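Coordinates as given in coords16.tsv (TSV, C-alpha atoms):
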```tsv
chain	number	residue	atom	x	y	z
A	1	MET	CA	-155.37	-38.80	-176.08
A	2	ALA	CA	-156.96	-41.62	-178.07
A	3	ILE	CA	-158.32	-44.55	-176.15
A	4	GLU	CA	-157.72	-47.88	-177.80
A	5	THR	CA	-160.68	-50.22	-177.69
A	6	ARG	CA	-160.09	-53.91	-178.13
A	7	LEU	CA	-162.94	-56.11	-179.10
A	8	ALA	CA	-162.94	-59.61	-177.75
A	9	PRO	CA	-162.43	-62.17	-180.49
A	10	PRO	CA	-165.58	-64.09	-181.38
A	11	ALA	CA	-165.99	-67.36	-179.53
A	12	ALA	CA	-164.76	-70.35	-181.47
A	13	PHE	CA	-168.05	-72.06	-180.59
A	14	THR	CA	-170.96	-71.91	-178.19
A	15	LEU	CA	-172.86	-74.64	-176.39
A	16	ARG	CA	-176.59	-74.81	-175.78
A	17	THR	CA	-179.14	-77.40	-174.75
A	18	HIS	CA	-181.26	-79.15	-177.35
A	19	GLN	CA	-184.23	-77.66	-179.14
A	20	VAL	CA	-186.84	-79.11	-181.46
A	21	GLY	CA	-185.10	-80.65	-184.48
A	22	ASP	CA	-181.72	-81.17	-182.83
A	23	ILE	CA	-182.13	-84.89	-182.18
A	24	GLY	CA	-183.12	-85.39	-185.82
A	25	TRP	CA	-179.96	-83.52	-186.82
A	26	ILE	CA	-177.88	-85.76	-184.52
A	27	VAL	CA	-179.33	-88.89	-186.15
A	28	HIS	CA	-178.77	-87.50	-189.65
A	29	ARG	CA	-175.18	-86.40	-189.03
A	30	HIS	CA	-174.21	-89.66	-187.31
A	31	GLY	CA	-175.64	-91.60	-190.25
A	32	VAL	CA	-173.88	-89.51	-192.89
A	33	LEU	CA	-170.51	-89.07	-191.15
A	34	TYR	CA	-170.07	-92.63	-189.95
A	35	ALA	CA	-171.11	-94.04	-193.32
A	36	ARG	CA	-168.44	-91.87	-194.95
A	37	GLU	CA	-165.70	-92.22	-192.30
A	38	CYS	CA	-166.22	-95.81	-191.10
A	39	GLY	CA	-168.39	-97.51	-193.71
A	40	TRP	CA	-171.29	-98.05	-191.31
A	41	GLY	CA	-174.68	-98.15	-192.99
A	42	THR	CA	-178.36	-97.96	-192.25
A	43	PRO	CA	-178.31	-100.43	-189.32
A	44	PHE	CA	-176.04	-97.95	-187.48
A	45	GLU	CA	-178.32	-95.07	-188.40
A	46	ALA	CA	-181.31	-97.06	-187.10
A	47	LEU	CA	-179.47	-97.63	-183.80
A	48	ILE	CA	-178.86	-93.87	-183.47
A	49	ALA	CA	-182.48	-93.12	-184.38
A	50	ASP	CA	-183.63	-95.53	-181.64
A	51	LEU	CA	-181.36	-93.81	-179.10
A	52	GLY	CA	-182.62	-90.39	-180.15
A	53	ALA	CA	-186.24	-91.49	-179.89
A	54	LYS	CA	-185.60	-93.02	-176.46
A	55	PHE	CA	-183.97	-89.80	-175.28
A	56	LEU	CA	-186.94	-87.68	-176.41
A	57	ARG	CA	-189.59	-90.13	-175.23
A	58	ASN	CA	-188.14	-90.59	-171.73
A	59	PHE	CA	-186.41	-87.22	-171.27
A	60	ASP	CA	-185.84	-86.31	-167.61
A	61	ALA	CA	-184.55	-82.73	-167.50
A	62	ALA	CA	-183.19	-83.18	-163.98
A	63	ARG	CA	-181.07	-86.23	-164.89
A	64	GLU	CA	-180.50	-86.05	-168.66
A	65	ARG	CA	-179.13	-83.46	-171.02
A	66	CYS	CA	-178.19	-82.83	-174.63
A	67	TRP	CA	-175.72	-80.18	-175.73
A	68	ILE	CA	-175.37	-78.76	-179.20
A	69	ALA	CA	-172.17	-76.97	-180.19
A	70	GLU	CA	-172.64	-74.14	-182.65
A	71	LYS	CA	-170.16	-72.10	-184.64
A	72	ASN	CA	-171.36	-69.04	-186.51
A	73	GLY	CA	-174.95	-70.17	-185.93
A	74	ALA	CA	-174.47	-73.64	-187.45
A	75	ARG	CA	-174.55	-76.91	-185.53
A	76	VAL	CA	-171.08	-78.46	-185.39
A	77	GLY	CA	-171.25	-80.94	-182.52
A	78	SER	CA	-173.38	-82.75	-180.00
A	79	VAL	CA	-173.42	-85.06	-177.00
A	80	LEU	CA	-176.02	-86.53	-174.64
A	81	VAL	CA	-176.08	-87.71	-171.04
A	82	MET	CA	-178.70	-90.42	-170.53
A	83	LYS	CA	-179.79	-92.07	-167.31
A	84	VAL	CA	-178.84	-95.74	-166.94
A	85	SER	CA	-179.77	-96.12	-163.27
A	86	ALA	CA	-180.10	-93.95	-160.18
A	87	GLU	CA	-176.30	-94.06	-159.77
A	88	THR	CA	-175.05	-94.33	-163.37
A	89	ALA	CA	-175.33	-92.06	-166.40
A	90	GLN	CA	-174.08	-92.73	-169.92
A	91	LEU	CA	-172.35	-90.30	-172.24
A	92	ARG	CA	-173.81	-90.91	-175.72
A	93	LEU	CA	-173.59	-89.73	-179.30
A	94	LEU	CA	-170.53	-87.47	-179.12
A	95	LEU	CA	-169.99	-85.99	-182.56
A	96	VAL	CA	-168.01	-83.08	-183.97
A	97	GLU	CA	-168.24	-82.11	-187.62
A	98	PRO	CA	-164.96	-82.65	-189.51
A	99	GLU	CA	-164.52	-78.95	-190.31
A	100	ALA	CA	-164.88	-78.06	-186.60
A	101	ARG	CA	-162.47	-80.62	-185.16
A	102	GLY	CA	-159.28	-79.61	-183.39
A	103	VAL	CA	-160.57	-76.52	-181.55
A	104	GLY	CA	-161.64	-78.23	-178.32
A	105	ILE	CA	-165.34	-78.81	-178.99
A	106	ALA	CA	-165.29	-82.52	-178.10
A	107	LYS	CA	-163.24	-81.82	-174.96
A	108	GLN	CA	-165.71	-79.15	-173.84
A	109	LEU	CA	-168.72	-81.37	-174.58
A	110	VAL	CA	-167.21	-84.18	-172.49
A	111	GLU	CA	-166.42	-81.75	-169.66
A	112	GLU	CA	-170.05	-80.54	-169.71
A	113	CYS	CA	-171.24	-84.14	-169.42
A	114	ILE	CA	-168.98	-84.80	-166.43
A	115	ALA	CA	-170.02	-81.61	-164.63
A	116	PHE	CA	-173.72	-82.28	-165.28
A	117	ALA	CA	-173.49	-85.91	-164.14
A	118	ARG	CA	-171.77	-84.83	-160.91
A	119	ALA	CA	-174.29	-82.06	-160.26
A	120	SER	CA	-177.16	-84.49	-160.94
A	121	GLY	CA	-175.98	-86.86	-158.22
A	122	TYR	CA	-174.70	-89.72	-160.36
A	123	ARG	CA	-171.84	-91.74	-158.91
A	124	LYS	CA	-170.55	-93.03	-162.24
A	125	LEU	CA	-170.46	-91.86	-165.86
A	126	MET	CA	-169.86	-94.52	-168.47
A	127	LEU	CA	-169.71	-94.74	-172.24
A	128	VAL	CA	-169.09	-97.23	-175.01
A	129	THR	CA	-167.13	-96.26	-178.10
A	130	HIS	CA	-165.66	-98.05	-181.07
A	131	ALA	CA	-162.04	-99.13	-180.88
A	132	SER	CA	-161.30	-97.38	-184.18
A	133	LEU	CA	-162.18	-93.93	-182.80
A	134	ASP	CA	-158.73	-93.08	-181.44
A	135	ALA	CA	-159.23	-89.31	-181.07
A	136	ALA	CA	-162.36	-89.81	-178.96
A	137	GLN	CA	-160.60	-92.34	-176.77
A	138	ARG	CA	-157.74	-89.89	-176.14
A	139	ILE	CA	-160.29	-87.27	-175.04
A	140	TYR	CA	-161.98	-89.73	-172.67
A	141	ALA	CA	-158.65	-90.79	-171.16
A	142	LYS	CA	-157.54	-87.16	-170.63
A	143	ALA	CA	-160.90	-86.44	-168.94
A	144	GLY	CA	-160.19	-89.22	-166.40
A	145	PHE	CA	-162.20	-92.11	-167.83
A	146	HIS	CA	-160.69	-95.58	-167.45
A	147	ALA	CA	-161.01	-98.24	-170.15
A	148	MET	CA	-162.94	-101.34	-169.12
A	149	ASP	CA	-163.21	-104.79	-170.69
A	150	ALA	CA	-164.65	-104.61	-174.20
A	151	PRO	CA	-168.38	-105.31	-174.50
A	152	PRO	CA	-169.78	-107.64	-177.17
A	153	PRO	CA	-169.55	-106.69	-180.85
A	154	ALA	CA	-171.88	-104.02	-182.19
A	155	HIS	CA	-175.21	-104.90	-183.73
A	156	PHE	CA	-174.78	-103.20	-187.09
A	157	GLY	CA	-172.74	-103.96	-190.18
A	158	GLU	CA	-169.51	-105.78	-189.60
A	159	PRO	CA	-168.71	-106.53	-185.96
A	160	GLU	CA	-166.74	-103.57	-184.66
A	161	PRO	CA	-164.57	-103.94	-181.57
A	162	ARG	CA	-165.98	-101.67	-178.91
A	163	ARG	CA	-164.52	-100.40	-175.69
A	164	ALA	CA	-166.32	-99.37	-172.51
A	165	TRP	CA	-165.04	-96.45	-170.44
A	166	GLU	CA	-165.98	-95.45	-166.91
A	167	LEU	CA	-165.46	-92.43	-164.67
A	168	SER	CA	-166.15	-92.46	-160.93
A	169	LEU	CA	-167.73	-89.20	-159.90
```

Please express the file's structure as structure tokens.
Amino acid sequence: MAIETRLAPPAAFTLRTHQVGDIGWIVHRHGVLYARECGWGTPFEALIADLGAKFLRNFDAARERCWIAEKNGARVGSVLVMKVSAETAQLRLLLVEPEARGVGIAKQLVEECIAFARASGYRKLMLVTHASLDAAQRIYAKAGFHAMDAPPPAHFGEPEPRRAWELSL
């Protein structure tokens, strides 16, 4: 009697915490993708570089985290949780490469942020996104975030309407 062996299908993607070089990759990919998809230029890239440097310079492993999504060994997504105050964390720099969209990477990255923020003792997780990023806003809403009043215009390129989101933990 032959025994049939079924191999599990390979994971669509894996998540890991950041390593040396990952924040540089995040800055690079944000610069390239948002220039191509939204027309944002070097001022936006400088903003992302400042955020990345701040994350590395002030990194608190107990209260902050970065996740990198990989598919077949290549980076395809990222997100950070950064401390705002003792009670509030901020979800930052969510990105999924165009060829990796639609398989749940962004949803999983957001879920990781929420679980980490809860486990780290934060009472609130907030984020600010651009009004034009509809897919991201749908993910945030499905995860339980509530839209707040829009903050002031962005500080790069043309003023871009932004929207703040908040989740009570």

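Near range 120-127 of chain A, within 6 Å and counting only C-alpha atoms, sit Arg63, Glu87, Thr88, Ala89, Gln90, Leu91, Phe116, Ala164, Trp165, Glu166, Leu167, Ser168 and Leu169 of chain A, not including residues fewer than 4 positions from it in the same chain.
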
Completion exercise
Judged by all atoms listed in the file, the minimum distance to Arg92 in chain A among A:Ala61, A:Cys113, A:Val79, A:Leu133 is found for A:Val79

Per residue of range 65-105 of chain A within 12 Å of range 139-144 of chain A, what are the shortest atom pair and its distance in Å to one decimal, counting all atoms listed in the file, with rows by chain and residue number, as JSON lines?
```
{"residue": "A:Leu91", "atom": "CA", "partner": "A:Tyr140", "partner_atom": "CA", "distance": 10.4}
{"residue": "A:Leu94", "atom": "CA", "partner": "A:Tyr140", "partner_atom": "CA", "distance": 10.9}
{"residue": "A:Gly102", "atom": "CA", "partner": "A:Ile139", "partner_atom": "CA", "distance": 11.4}
{"residue": "A:Gly104", "atom": "CA", "partner": "A:Ile139", "partner_atom": "CA", "distance": 9.7}
{"residue": "A:Ile105", "atom": "CA", "partner": "A:Ile139", "partner_atom": "CA", "distance": 10.6}
```

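Those residues positioned at most 10 Å from (-179.5, -84.8, -185.6) are Gly21, Asp22, Ile23, Gly24, Trp25, Ile26, Val27, His28, Arg29, His30, Gly31, Ile48, Ala49, Gly52, Ile68, Arg75, Gly77, Ser78 and Leu93 of chain A, judged using all atoms listed in the file.
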
Handout entry: Length of the CA of His130 in chain A to CA of Pro161 in chain A vector [Å]
Key = 6.0 Å

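With only C-alpha atoms as the basis for measurement, A:Phe13 is the residue among A:Ala53, A:Phe13, A:Gln19, A:Thr129 that approaches Val76 in chain A most closely.
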
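Counting from CA of Val84 in chain A, the distance to CA of Glu70 in chain A is 27.4 Å.
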
Completion exercise
Judged by all atoms listed in the file, the minimum distance to Glu99 in chain A among A:Leu33, A:Met148, A:His18, A:Thr42 is found for A:Leu33

Atom completion result for range 43-75 of chain A (N, CA and C atoms) as a PDB file, in the coordinates of the input:
```pdb
ATOM      1  N   PRO A  43    -178.088 -99.868-190.658  1.00  0.00           N
ATOM      2  CA  PRO A  43    -178.310-100.430-189.320  1.00  0.00           C
ATOM      3  C   PRO A  43    -177.748 -99.534-188.209  1.00  0.00           C
ATOM      4  N   PHE A  44    -176.602 -98.888-188.467  1.00  0.00           N
ATOM      5  CA  PHE A  44    -176.040 -97.950-187.480  1.00  0.00           C
ATOM      6  C   PHE A  44    -176.961 -96.739-187.346  1.00  0.00           C
ATOM      7  N   GLU A  45    -177.409 -96.217-188.450  1.00  0.00           N
ATOM      8  CA  GLU A  45    -178.320 -95.070-188.400  1.00  0.00           C
ATOM      9  C   GLU A  45    -179.594 -95.418-187.645  1.00  0.00           C
ATOM     10  N   ALA A  46    -180.109 -96.625-187.827  1.00  0.00           N
ATOM     11  CA  ALA A  46    -181.310 -97.060-187.100  1.00  0.00           C
ATOM     12  C   ALA A  46    -181.036 -97.117-185.596  1.00  0.00           C
ATOM     13  N   LEU A  47    -179.846 -97.591-185.211  1.00  0.00           N
ATOM     14  CA  LEU A  47    -179.470 -97.630-183.800  1.00  0.00           C
ATOM     15  C   LEU A  47    -179.478 -96.213-183.214  1.00  0.00           C
ATOM     16  N   ILE A  48    -178.908 -95.262-183.936  1.00  0.00           N
ATOM     17  CA  ILE A  48    -178.860 -93.870-183.470  1.00  0.00           C
ATOM     18  C   ILE A  48    -180.264 -93.292-183.411  1.00  0.00           C
ATOM     19  N   ALA A  49    -181.089 -93.600-184.393  1.00  0.00           N
ATOM     20  CA  ALA A  49    -182.480 -93.120-184.380  1.00  0.00           C
ATOM     21  C   ALA A  49    -183.228 -93.665-183.161  1.00  0.00           C
ATOM     22  N   ASP A  50    -183.000 -94.941-182.837  1.00  0.00           N
ATOM     23  CA  ASP A  50    -183.630 -95.530-181.640  1.00  0.00           C
ATOM     24  C   ASP A  50    -183.169 -94.810-180.376  1.00  0.00           C
ATOM     25  N   LEU A  51    -181.871 -94.525-180.273  1.00  0.00           N
ATOM     26  CA  LEU A  51    -181.360 -93.810-179.100  1.00  0.00           C
ATOM     27  C   LEU A  51    -181.952 -92.408-179.000  1.00  0.00           C
ATOM     28  N   GLY A  52    -182.038 -91.726-180.141  1.00  0.00           N
ATOM     29  CA  GLY A  52    -182.620 -90.390-180.150  1.00  0.00           C
ATOM     30  C   GLY A  52    -184.079 -90.403-179.738  1.00  0.00           C
ATOM     31  N   ALA A  53    -184.830 -91.374-180.251  1.00  0.00           N
ATOM     32  CA  ALA A  53    -186.240 -91.490-179.890  1.00  0.00           C
ATOM     33  C   ALA A  53    -186.397 -91.802-178.402  1.00  0.00           C
ATOM     34  N   LYS A  54    -185.556 -92.684-177.893  1.00  0.00           N
ATOM     35  CA  LYS A  54    -185.600 -93.020-176.460  1.00  0.00           C
ATOM     36  C   LYS A  54    -185.310 -91.789-175.612  1.00  0.00           C
ATOM     37  N   PHE A  55    -184.316 -91.012-176.015  1.00  0.00           N
ATOM     38  CA  PHE A  55    -183.970 -89.800-175.280  1.00  0.00           C
ATOM     39  C   PHE A  55    -185.171 -88.850-175.232  1.00  0.00           C
ATOM     40  N   LEU A  56    -185.797 -88.604-176.361  1.00  0.00           N
ATOM     41  CA  LEU A  56    -186.940 -87.680-176.410  1.00  0.00           C
ATOM     42  C   LEU A  56    -188.147 -88.231-175.662  1.00  0.00           C
ATOM     43  N   ARG A  57    -188.414 -89.504-175.838  1.00  0.00           N
ATOM     44  CA  ARG A  57    -189.590 -90.130-175.230  1.00  0.00           C
ATOM     45  C   ARG A  57    -189.510 -90.155-173.699  1.00  0.00           C
ATOM     46  N   ASN A  58    -188.317 -90.413-173.165  1.00  0.00           N
ATOM     47  CA  ASN A  58    -188.140 -90.590-171.730  1.00  0.00           C
ATOM     48  C   ASN A  58    -187.393 -89.438-171.065  1.00  0.00           C
ATOM     49  N   PHE A  59    -187.262 -88.316-171.734  1.00  0.00           N
ATOM     50  CA  PHE A  59    -186.410 -87.220-171.270  1.00  0.00           C
ATOM     51  C   PHE A  59    -186.763 -86.774-169.852  1.00  0.00           C
ATOM     52  N   ASP A  60    -185.748 -86.762-168.994  1.00  0.00           N
ATOM     53  CA  ASP A  60    -185.840 -86.310-167.610  1.00  0.00           C
ATOM     54  C   ASP A  60    -184.877 -85.144-167.458  1.00  0.00           C
ATOM     55  N   ALA A  61    -185.398 -83.919-167.493  1.00  0.00           N
ATOM     56  CA  ALA A  61    -184.550 -82.730-167.500  1.00  0.00           C
ATOM     57  C   ALA A  61    -183.642 -82.625-166.288  1.00  0.00           C
ATOM     58  N   ALA A  62    -184.019 -83.227-165.175  1.00  0.00           N
ATOM     59  CA  ALA A  62    -183.190 -83.180-163.980  1.00  0.00           C
ATOM     60  C   ALA A  62    -182.005 -84.135-164.051  1.00  0.00           C
ATOM     61  N   ARG A  63    -182.115 -85.195-164.872  1.00  0.00           N
ATOM     62  CA  ARG A  63    -181.070 -86.230-164.890  1.00  0.00           C
ATOM     63  C   ARG A  63    -180.478 -86.483-166.265  1.00  0.00           C
ATOM     64  N   GLU A  64    -180.994 -85.819-167.294  1.00  0.00           N
ATOM     65  CA  GLU A  64    -180.500 -86.050-168.660  1.00  0.00           C
ATOM     66  C   GLU A  64    -180.311 -84.703-169.352  1.00  0.00           C
ATOM     67  N   ARG A  65    -179.413 -84.707-170.331  1.00  0.00           N
ATOM     68  CA  ARG A  65    -179.130 -83.460-171.020  1.00  0.00           C
ATOM     69  C   ARG A  65    -178.562 -83.751-172.399  1.00  0.00           C
ATOM     70  N   CYS A  66    -178.792 -82.816-173.299  1.00  0.00           N
ATOM     71  CA  CYS A  66    -178.190 -82.830-174.630  1.00  0.00           C
ATOM     72  C   CYS A  66    -177.571 -81.460-174.853  1.00  0.00           C
ATOM     73  N   TRP A  67    -176.365 -81.436-175.362  1.00  0.00           N
ATOM     74  CA  TRP A  67    -175.720 -80.180-175.730  1.00  0.00           C
ATOM     75  C   TRP A  67    -175.472 -80.177-177.225  1.00  0.00           C
ATOM     76  N   ILE A  68    -175.667 -79.009-177.797  1.00  0.00           N
ATOM     77  CA  ILE A  68    -175.370 -78.760-179.200  1.00  0.00           C
ATOM     78  C   ILE A  68    -174.289 -77.691-179.243  1.00  0.00           C
ATOM     79  N   ALA A  69    -173.214 -77.962-179.961  1.00  0.00           N
ATOM     80  CA  ALA A  69    -172.170 -76.970-180.190  1.00  0.00           C
ATOM     81  C   ALA A  69    -172.497 -76.249-181.490  1.00  0.00           C
ATOM     82  N   GLU A  70    -172.393 -74.939-181.451  1.00  0.00           N
ATOM     83  CA  GLU A  70    -172.640 -74.140-182.650  1.00  0.00           C
ATOM     84  C   GLU A  70    -171.440 -73.235-182.928  1.00  0.00           C
ATOM     85  N   LYS A  71    -171.196 -73.029-184.197  1.00  0.00           N
ATOM     86  CA  LYS A  71    -170.160 -72.100-184.640  1.00  0.00           C
ATOM     87  C   LYS A  71    -170.783 -71.252-185.739  1.00  0.00           C
ATOM     88  N   ASN A  72    -170.752 -69.968-185.548  1.00  0.00           N
ATOM     89  CA  ASN A  72    -171.360 -69.040-186.510  1.00  0.00           C
ATOM     90  C   ASN A  72    -172.805 -69.416-186.813  1.00  0.00           C
ATOM     91  N   GLY A  73    -173.536 -69.849-185.791  1.00  0.00           N
ATOM     92  CA  GLY A  73    -174.950 -70.170-185.930  1.00  0.00           C
ATOM     93  C   GLY A  73    -175.266 -71.529-186.512  1.00  0.00           C
ATOM     94  N   ALA A  74    -174.248 -72.302-186.869  1.00  0.00           N
ATOM     95  CA  ALA A  74    -174.470 -73.640-187.450  1.00  0.00           C
ATOM     96  C   ALA A  74    -174.109 -74.708-186.424  1.00  0.00           C
ATOM     97  N   ARG A  75    -174.859 -75.786-186.406  1.00  0.00           N
ATOM     98  CA  ARG A  75    -174.550 -76.910-185.530  1.00  0.00           C
ATOM     99  C   ARG A  75    -173.258 -77.574-186.003  1.00  0.00           C
TER     100      ARG A  75
END
```
